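Participant: Sharing a structure here in structure tokens format.
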Amino acid sequence: MTAVTGVTGESGTGRAPGAAGGMVWLVARREVTSRIRERAFLVSTGITLLIVLAVVLVPRLVGSGHASFRVALAGTGRNPIGPALAAAGRPAGVGVHTRTYPDAAAARAAVRTGDADAALLNGDTVVSDGDLDGDLAAVLDRAHQAVATRQRLRDRGISPTAVAQALDVPPLRQVTLAGDADHSARRGVALVGVIILFGQLIGYGNWVAFGVVEEKSSRVVELLLAAVRPWQLLAGKILGIGALALGQLVLISGVGLAAAVGGGSVRLSLVTLGIVGQVFAWFVLGYAFYSSAYAAAASRVSRQEELNNVTGPMTLVLMVSYFIAIYAAQHPTGVLARVASLVPPFSAMTMPTRTAVGRADGWQVGLAIGLMVVATVLLVRLSGRIYANTILRTGARVRLSEALRAREPAVT
Amino acid sequence: MLEIDALRKRYGDTVALDTVSFAVRPGEMFGFVGANGAGKTTTMRIAMGVLAADAGQVRWRGDAVSFQVRRRFGYMPEERGLYPKMRVGEQLVYFARLHGLSRSGALRAAEEWAERLGVAGRRDDAVERLSLGNQQRVQLAAALVHDPEVLILDEPFSGLDPVGVDALAVVLADRCRQGVPVIFSSHQLDLVERLCDSVGIINHGRMVATGTVDELRDRDGRRELRVVVGDAAPGWAADLPGVRVRTGAGAEVVLELDESGDDQKVLQMAMRAGRVEHFSWRRPTLAELFREAVTV
């Protein structure tokens, strides 16, 4: 993003950082060191971390509450069904706690007061308050069938050992077309990735816009431009804020991933790390694209209050991208997902989603990245031009047609 | 020598600068005066490269000023501007580095200029927490911190208290002694007259006068006598040939003489009228020269 106006070879002056790169570095360094101390940055990092932890951990906490049931037992057939219920629930991850009541009336009362989710009477009747939970119904049914089958086989004179062997059938092996069994976990990572990507792009894009207007409204820009070229100032600002954003992204993903792996909802594998790596790569591309668009828009106005009027289109495109990406996570093979994952800048959020759920070929990823790089280079050049043309113009908002007009000839 | 050569600038139908030219020698302090909107700021912004001229050239030491050369100039824009939330010390170091100083050099220079301009005690405060006068001092320090080869200051004295004015005057005189050409604009004409070696007067985008204050006075061609006569009857000078009374209140009168007016005759008349306490050619002030130049 340094090729905005083209660097002309200039001889050094004997003083230290005269080189263009040195100037960009100085500007970027100021952005990082002054912003990292701002309370807004620390607060936003903290809030984002909390959101990510909540997204990763809360479904698990809530889910474990659902996957455990209390069943009241009464009447005959109590003894064999208790262990059978526990055995039937195990493969599905459903815990069943049983409690024996003296008679059917007491068991019914337990269901009515909510002490039990269901009551099993005489081993053949289920009583529930309203609809029976689907998971629990399946477990009860499976346990009931196992006990009844075992009893009938024994009645025919088959030995208990032989019955146990005959009934010991391993559960179905799961194979998904996506290539591995982690499908829902991968979709989860993809969704969290999209949410973070969206937050970082919109948050830091606005920071860049805010920073541009801050320099304009405080008039410091005139002093700056006596020493640095407009493209150096713009590149330094985008790189500096981008470095902060990337650092924050690494921190958030690290913490989020550690929590998810520690909580057992995601397995740490090359696939998972590959998805995270792709999210980083798409963040860099998306940030380069959106931040330069935000900067160009912001350079057209002179006051913070007018910022929303000019950054609206970028925010809208980001929102649309976000919803497409969320939709694509659910329907990764649909037309919308396939098209949006190739078209810049929608690809920045949709393609990582598609790859995360394992529905993109290598060439598609390559094509999407290639198109995005081309779009970003074009936009950066255009933004650099708008920025250089408008950054010193104060007062009313500069019309886009004016901002795009050829640069004023430099003073010789 | 810093040469401003035939600058032209037009905004739509408005001509902002019409062939503006002047030169400032090394070690010379140049006062740039003119009414609001006359073109001072436009000229200075073009000299600093933050505005492009339609035509004309700015040269330093005989060569057209390039971006790299301009980085060694010091500039104070009319619209003051610093990062409001950045600390004074860090800000000065940042500007010094942008203008090409090394890290250690920038630290040293920032410290020195904060000290010289009396804001050393506020080094760790955000600029927005300083009074306007102190912000102005920081602004000056930002213009001076990289030991510039040329100083271009737009209204550097406005907003300063008398102590600040004196401090700045000392600093500028010191820069001049180091061989730096200094251009500054101001509406405080007595200050310009006191400090400047030469003066440029701009009116509606055209330079109407340039030169030393003495040269401008000589060019003025006006001949005025200031005479104080004790115990004289009013109107003693009224009937002298070639003499016009410009102001006359009490003992002091200012007389304007045309070509036929004779100063010796005036003196004789004055001695006859009373006791002459004061008799001298009166030199016009810069304010008078300015008023005359811009009302023509």
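Following the order of the structure tokens, first chain is A, next is B, and so on, with residues numbered from 1 inside each chain and ligands from 1 in the order they appear.
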Using backbone DSSP assignments, extract all alpha helix (DSSP H) residues from range 7-245 of chain B; output them as a ChimeraX atom specification.
Facilitator: /B:40-47,67-70,88-98,103-116,132-144,162-177,189-195,213-220
Participant: Please produce, as a Markdown table, a per-residue contact table for range 24-107 of chain B versus range 215-223 of chain A (criterion: any atom at most 8 Å away, only C-alpha atoms considered), showing the nearest atom pair and its distance in Å to one decimal, sorted by chain then residue number.
Facilitator:
```
| residue | atom | partner | partner_atom | distance |
| --- | --- | --- | --- | --- |
| B:Val50 | CA | A:Glu222 | CA | 6.7 |
| B:Tyr75 | CA | A:Leu223 | CA | 7.1 |
| B:Met76 | CA | A:Leu223 | CA | 7.3 |
| B:Pro77 | CA | A:Leu223 | CA | 6.9 |
| B:Glu79 | CA | A:Arg219 | CA | 6.4 |
| B:Arg80 | CA | A:Arg219 | CA | 6.5 |
| B:Gly81 | CA | A:Val220 | CA | 3.9 |
| B:Leu82 | CA | A:Val220 | CA | 4.7 |
| B:Tyr83 | CA | A:Val220 | CA | 6.4 |
| B:Pro84 | CA | A:Ser218 | CA | 7.2 |
```
Participant: Print the selection's residues with C-alpha atoms to a file, as an mmCIF file, in the first residue's frame.
Facilitator:
```
data_model
loop_
_atom_site.group_PDB
_atom_site.id
_atom_site.type_symbol
_atom_site.label_atom_id
_atom_site.label_comp_id
_atom_site.auth_asym_id
_atom_site.auth_seq_id
_atom_site.Cartn_x
_atom_site.Cartn_y
_atom_site.Cartn_z
ATOM 1 C CA VAL B 50 1.210 22.709 1.368
ATOM 2 C CA TYR B 75 6.815 26.411 9.622
ATOM 3 C CA MET B 76 4.103 27.799 11.803
ATOM 4 C CA PRO B 77 0.740 27.694 10.037
ATOM 5 C CA GLU B 79 -4.309 27.687 11.667
ATOM 6 C CA ARG B 80 -2.494 26.397 14.729
ATOM 7 C CA GLY B 81 -2.446 22.647 14.910
ATOM 8 C CA LEU B 82 -1.015 20.009 17.220
ATOM 9 C CA TYR B 83 -2.263 16.613 18.356
ATOM 10 C CA PRO B 84 -4.527 17.651 21.252
#
```
Participant: Identify, on the basis of only C-alpha atoms, every residue whose closest approach to Arg72 in chain B does not exceed 8 Å; exclude the query and any residue fewer than 5 positions from it along the same chain; express the result as a PDB file with C-alpha atoms, in the first residue's frame.
Facilitator:
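The resulting file, part_38.pdb, is shown below:
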```pdb
ATOM      1  CA  HIS B  99      12.014  16.728   9.950  1.00  0.00           C
ATOM      2  CA  GLY B 100      14.929  14.337   9.887  1.00  0.00           C
ATOM      3  CA  HIS B 146      14.735  20.767  14.005  1.00  0.00           C
ATOM      4  CA  ASP B 147      17.063  23.776  13.761  1.00  0.00           C
ATOM      5  CA  PRO B 148      15.560  24.894  10.432  1.00  0.00           C
ATOM      6  CA  GLU B 149      17.505  26.553   7.620  1.00  0.00           C
ATOM      7  CA  VAL B 150      14.576  28.852   6.846  1.00  0.00           C
TER       8      VAL B 150
END
```
Participant: Which neighbours of Glu288 in chain B fall inside 12 Å, counting only C-alpha atoms, when residues of the same chain fewer than 5 positions from it are skipped, and could you give them as a list in words?
Facilitator: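 Selected residues are Leu189, Asp190, Glu193, Val213, Leu216, Arg217, Asp220, Arg222, Arg282, Arg283, Ala293, Val294 and Thr295 of chain B.
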Participant: Identify all chain B residues at most 10 Å from chain A by counting only C-alpha atoms; ligands do not count. Present them as number ranges by chain.
Facilitator: B: 45-59, 63-87, 90-91, 94-103, 105, 139, 142-143
Participant: Suppose you want the space between CA of Leu73 in chain A and CA of Gly93 in chain A; what is it in Å?
Facilitator: 21.2 Å
